[in-house]
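**Q** Structure below; questions to follow.
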Amino acid sequence: MAIVGVIDRRTASGGAETSRARLRAAGARLVDLPGLAGLLFALAFWAAAARLGSSIPSPQAVLTDAASNLFSSDRLPGIGLPRGGYFPHLASTARTVLLGASLGAIAGTATGLASAESRTAANLLAPIVSMLGTIPIVILSPFFLIWFGLSGVAQVAMVAIYTATVLHLFTLRGVRNIPAAYLDYAATLGATRAQRFFAIRLPGALPEIFGGLRIACAAAWGLATVTEMLGGQYGSGRVLAALRSVYDLTGIMAVVLLLSVLAIAVDLALIAVRLALLRWSDAAAAGGRL
């Protein structure tokens with residue numbers, strides 16, 4: 001009994017150490033100290049450049065513009081925009097990105113899994129994905145604006161197509177990186193094809209899927225904004241185009257800054273979801289480092 005008690009205490013102690021290691025690893029991913037140092041350096045460089053060049057607005061001026069015109073602005077109606085400030089346009093861009101990325105993620109993950117499961121599906125989808133992955137997606141924006149008009153469908157479609165292409169490639173790579181021994185061992189235990197898919201293939205591809213989703217979402221903000229600049233009636237791109245027409249560099253940088261904050265917030269949300277859903281992957285990685 002004494003030996004069993006010692007073993008239990010050691011097991012509990014080891015489990016506590018592992019839990020603390022997981023928490024430290026999760027905190028390190030959420031708080032990137034080198035990245036924070038790089039951000040502070042960039043702000044210092046920006047402030048120094050603003051002092052040296054009169055055409056560059058200072059960080060204080062940009063922050064003041066972003067705060068004072070966020071929810072209401074007397075200046076925007078003078079350049080053909082509503083009085084509601086930057087926020088409604090930022091919300092419109094965020095809605096475009098989230099809707100387009102969600103639709104694209106579902107489509108890209110489904111086609112990637114289908115290509116991994118079926119050679120016929122892989123042969124059918126490979127040329128389409130290769131074409132979409134080779135052609136710069138921005139080139140297609142004028143065609144989408146002609147086909148769908150200025151209703152906002154063009155922006156969502158652009159983001160969805162780009163996200164679907166990225167997720168297809170990452171999902172396919174994630175499934176193919178799963179060791180074949182796992183599938184063979186499951187087959188020897190009597191697992192059906194469906195059981196192997198839901199128990200091994202899909203969970204094994206999730207880390208790559210989340211990585212691809214983060215990359216796609218990071219680029220989707222710029223893609224949606226550029227499409228709005230080319231022909232949108234609403235959104236951050238529309239504000240940037242209007243501010244550019246009057247050479248308001250401070251306002252342009254304020255909108256870009258607010259878009260960056262939104263993009264970082266969405267990325268942090270994706271990281272949090274990944275940490276919640278893929279604890280087994282993080283535990284395995286932490287165990288390999290200990």
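Letters A, B, ... go to the chains of the structure tokens in the order shown; residues in each chain start at 1; ligands are counted from 1 in the same order.
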Could you build a table of the residues in segment 221-260 of chain A lying no more than 10 Å from segment 154-175 of chain A, giving for each the nearest pair of atoms and their separation in Å rounded to one decimal place, using only C-alpha atoms, ordered by chain and ascending residue number, as CSV?
**A**
```
residue,atom,partner,partner_atom,distance
A:Trp221,CA,A:Val159,CA,8.5
A:Gly222,CA,A:Val159,CA,9.7
A:Leu223,CA,A:Val159,CA,6.8
A:Ala224,CA,A:Gln155,CA,5.6
A:Thr225,CA,A:Gln155,CA,8.5
A:Val226,CA,A:Gln155,CA,9.1
A:Thr227,CA,A:Gln155,CA,6.0
A:Glu228,CA,A:Gln155,CA,7.0
A:Gly231,CA,A:Ala154,CA,9.4
A:Gly232,CA,A:Gln155,CA,8.2
```
**Q** Mind writing the picked residues with N, CA and C atoms as a compact mmCIF listing (two decimals), in the first residue's frame?
**A**
```
# COMPACT_ATOMS: atom_id res chain seq x y z
N TRP A 221 -8.04 40.24 -45.04
CA TRP A 221 -8.33 41.64 -44.73
C TRP A 221 -7.86 42.56 -45.85
N GLY A 222 -6.64 42.33 -46.32
CA GLY A 222 -6.14 43.14 -47.42
C GLY A 222 -6.90 42.90 -48.71
N LEU A 223 -7.26 41.63 -48.95
CA LEU A 223 -8.00 41.30 -50.17
C LEU A 223 -9.37 41.97 -50.19
N ALA A 224 -10.08 41.91 -49.08
CA ALA A 224 -11.40 42.55 -49.01
C ALA A 224 -11.28 44.06 -49.15
N THR A 225 -10.26 44.65 -48.53
CA THR A 225 -10.10 46.10 -48.61
C THR A 225 -9.78 46.55 -50.03
N VAL A 226 -8.89 45.81 -50.70
CA VAL A 226 -8.54 46.17 -52.08
C VAL A 226 -9.76 46.06 -52.99
N THR A 227 -10.56 45.03 -52.81
CA THR A 227 -11.76 44.87 -53.63
C THR A 227 -12.75 45.99 -53.37
N GLU A 228 -12.87 46.43 -52.10
CA GLU A 228 -13.75 47.55 -51.79
C GLU A 228 -13.23 48.85 -52.41
N GLY A 231 -14.30 48.96 -56.19
CA GLY A 231 -15.68 49.18 -56.61
C GLY A 231 -16.71 49.02 -55.53
N GLY A 232 -16.31 49.02 -54.28
CA GLY A 232 -17.29 48.86 -53.22
C GLY A 232 -17.99 50.15 -52.87
```
**Q** Taking only C-alpha atoms into account, which of A:Ile178, A:Leu259, A:Val138, A:Phe148 comes nearest Glu208 of chain A?
**A** A:Ile178
**Q** Segment 65-274 of chain A: which residues are helix (DSSP H, G or I) by DSSP, as a VMD selection string?
**A** chain A and resid 65 to 68 76 to 79 87 to 117 119 to 134 137 to 148 153 to 176 180 to 188 193 to 231 236 to 245 249 to 274
**Q** Could you give me, as a list in words, the residues within 12 Å of Arg238 of chain A, counting only C-alpha atoms and dropping anything in the same chain fewer than 5 positions from it?
**A**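 Surrounding residues, per the criterion: Leu76, Ile79, Gly80, Leu81, Pro82, Tyr86, Pro88, His89, Leu90, Ser92, Thr93, Leu150, Gly152, Ala224, Thr225, Val226, Thr227, Glu228, Met229, Leu230, Gly231, Gly232, Gln233, Leu243, Arg244, Ser245, Ile252 and Val255 of chain A.
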**Q** Within 8 Å of Thr250 of chain A, counting only C-alpha atoms, which residues qualify if same-chain residues fewer than 5 places away don't, as a tab-separated table (two decimals) with N, CA and C atoms, in the first residue's frame?
**A**
```tsv
chain	number	residue	atom	x	y	z
A	57	PRO	N	2.80	61.38	-40.84
A	57	PRO	CA	2.11	61.73	-39.59
A	57	PRO	C	2.67	60.94	-38.42
A	61	ALA	N	-0.67	61.53	-33.79
A	61	ALA	CA	-1.68	62.12	-34.68
A	61	ALA	C	-2.60	61.04	-35.26
A	62	VAL	N	-2.01	59.91	-35.62
A	62	VAL	CA	-2.81	58.82	-36.19
A	62	VAL	C	-3.76	58.25	-35.14
A	65	ASP	N	-6.60	60.68	-34.57
A	65	ASP	CA	-7.57	60.63	-35.68
A	65	ASP	C	-8.45	59.40	-35.58
```
**Q** Any idea what's packed within 12 Å of Ala50 of chain A, counting only C-alpha atoms, ignoring anything in its chain fewer than 4 positions away? Could you give it as a count of residues only?
**A** 14
**Q** Using only C-alpha atoms, which protein or nucleic acid residues come within 12 Å of Leu270 of chain A? Drop anything in the same chain fewer than 3 positions from it, and give the result as a PyMOL selection string.
**A** chain A and resi 29-30+98+207+209-218+263-267+273-278
**Q** Produce a file of the selected residues containing N, CA and C atoms, as an mmCIF file, in the first residue's frame.
**A**
```cif
data_model
loop_
_atom_site.group_PDB
_atom_site.id
_atom_site.type_symbol
_atom_site.label_atom_id
_atom_site.label_comp_id
_atom_site.auth_asym_id
_atom_site.auth_seq_id
_atom_site.Cartn_x
_atom_site.Cartn_y
_atom_site.Cartn_z
ATOM 1 N N ARG A 29 2.411 31.128 -26.440
ATOM 2 C CA ARG A 29 1.848 31.316 -27.771
ATOM 3 C C ARG A 29 0.943 32.534 -27.827
ATOM 4 N N LEU A 30 0.233 32.816 -26.726
ATOM 5 C CA LEU A 30 -0.673 33.961 -26.724
ATOM 6 C C LEU A 30 0.074 35.280 -26.543
ATOM 7 N N LEU A 98 -15.165 37.645 -42.294
ATOM 8 C CA LEU A 98 -15.620 36.497 -41.502
ATOM 9 C C LEU A 98 -16.547 35.599 -42.307
ATOM 10 N N PRO A 207 -4.488 20.448 -36.955
ATOM 11 C CA PRO A 207 -3.431 21.458 -36.762
ATOM 12 C C PRO A 207 -3.068 22.192 -38.044
ATOM 13 N N ILE A 209 -5.037 22.532 -40.638
ATOM 14 C CA ILE A 209 -6.213 23.310 -41.034
ATOM 15 C C ILE A 209 -6.237 24.656 -40.313
ATOM 16 N N PHE A 210 -5.964 24.656 -39.015
ATOM 17 C CA PHE A 210 -5.947 25.909 -38.271
ATOM 18 C C PHE A 210 -4.799 26.801 -38.736
ATOM 19 N N GLY A 211 -3.653 26.196 -39.064
ATOM 20 C CA GLY A 211 -2.558 27.004 -39.597
ATOM 21 C C GLY A 211 -2.931 27.668 -40.908
ATOM 22 N N GLY A 212 -3.569 26.922 -41.806
ATOM 23 C CA GLY A 212 -4.012 27.500 -43.068
ATOM 24 C C GLY A 212 -5.082 28.554 -42.876
ATOM 25 N N LEU A 213 -5.967 28.351 -41.904
ATOM 26 C CA LEU A 213 -7.028 29.328 -41.661
ATOM 27 C C LEU A 213 -6.459 30.650 -41.156
ATOM 28 N N ARG A 214 -5.442 30.577 -40.319
ATOM 29 C CA ARG A 214 -4.808 31.811 -39.834
ATOM 30 C C ARG A 214 -4.139 32.569 -40.974
ATOM 31 N N ILE A 215 -3.459 31.843 -41.856
ATOM 32 C CA ILE A 215 -2.807 32.488 -42.995
ATOM 33 C C ILE A 215 -3.844 33.115 -43.926
ATOM 34 N N ALA A 216 -4.924 32.373 -44.196
ATOM 35 C CA ALA A 216 -5.961 32.887 -45.092
ATOM 36 C C ALA A 216 -6.642 34.111 -44.510
ATOM 37 N N CYS A 217 -6.944 34.095 -43.220
ATOM 38 C CA CYS A 217 -7.609 35.242 -42.597
ATOM 39 C C CYS A 217 -6.694 36.462 -42.582
ATOM 40 N N ALA A 218 -5.400 36.249 -42.379
ATOM 41 C CA ALA A 218 -4.470 37.381 -42.367
ATOM 42 C C ALA A 218 -4.461 38.090 -43.721
ATOM 43 N N ALA A 263 -7.613 42.646 -37.319
ATOM 44 C CA ALA A 263 -6.971 41.419 -37.801
ATOM 45 C C ALA A 263 -6.273 40.687 -36.666
ATOM 46 N N ILE A 264 -5.605 41.420 -35.790
ATOM 47 C CA ILE A 264 -4.925 40.794 -34.649
ATOM 48 C C ILE A 264 -5.942 40.166 -33.703
ATOM 49 N N ALA A 265 -7.066 40.849 -33.478
ATOM 50 C CA ALA A 265 -8.096 40.306 -32.588
ATOM 51 C C ALA A 265 -8.665 39.005 -33.134
ATOM 52 N N VAL A 266 -8.925 38.945 -34.433
ATOM 53 C CA VAL A 266 -9.441 37.710 -35.030
ATOM 54 C C VAL A 266 -8.404 36.604 -34.949
ATOM 55 N N ASP A 267 -7.143 36.942 -35.179
ATOM 56 C CA ASP A 267 -6.087 35.925 -35.097
ATOM 57 C C ASP A 267 -5.950 35.380 -33.679
ATOM 58 N N VAL A 273 -9.280 29.349 -29.944
ATOM 59 C CA VAL A 273 -10.091 28.187 -30.348
ATOM 60 C C VAL A 273 -9.206 26.978 -30.596
ATOM 61 N N ARG A 274 -8.066 27.203 -31.232
ATOM 62 C CA ARG A 274 -7.154 26.089 -31.496
ATOM 63 C C ARG A 274 -6.651 25.477 -30.193
ATOM 64 N N LEU A 275 -6.294 26.313 -29.221
ATOM 65 C CA LEU A 275 -5.826 25.800 -27.938
ATOM 66 C C LEU A 275 -6.911 25.002 -27.224
ATOM 67 N N ALA A 276 -8.158 25.427 -27.391
ATOM 68 C CA ALA A 276 -9.254 24.715 -26.725
ATOM 69 C C ALA A 276 -9.561 23.379 -27.404
ATOM 70 N N LEU A 277 -9.482 23.342 -28.732
ATOM 71 C CA LEU A 277 -9.864 22.135 -29.457
ATOM 72 C C LEU A 277 -8.727 21.131 -29.615
ATOM 73 N N LEU A 278 -7.508 21.612 -29.648
ATOM 74 C CA LEU A 278 -6.369 20.737 -29.945
ATOM 75 C C LEU A 278 -5.438 20.608 -28.756
#
```
**Q** Rounded to one decimal, what separation in Å do you get between atom CA of Gly251 of chain A and atom CA of Ser141 of chain A?
**A**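 Separating atom CA of Gly251 of chain A from atom CA of Ser141 of chain A is a distance of 25.2 Å.
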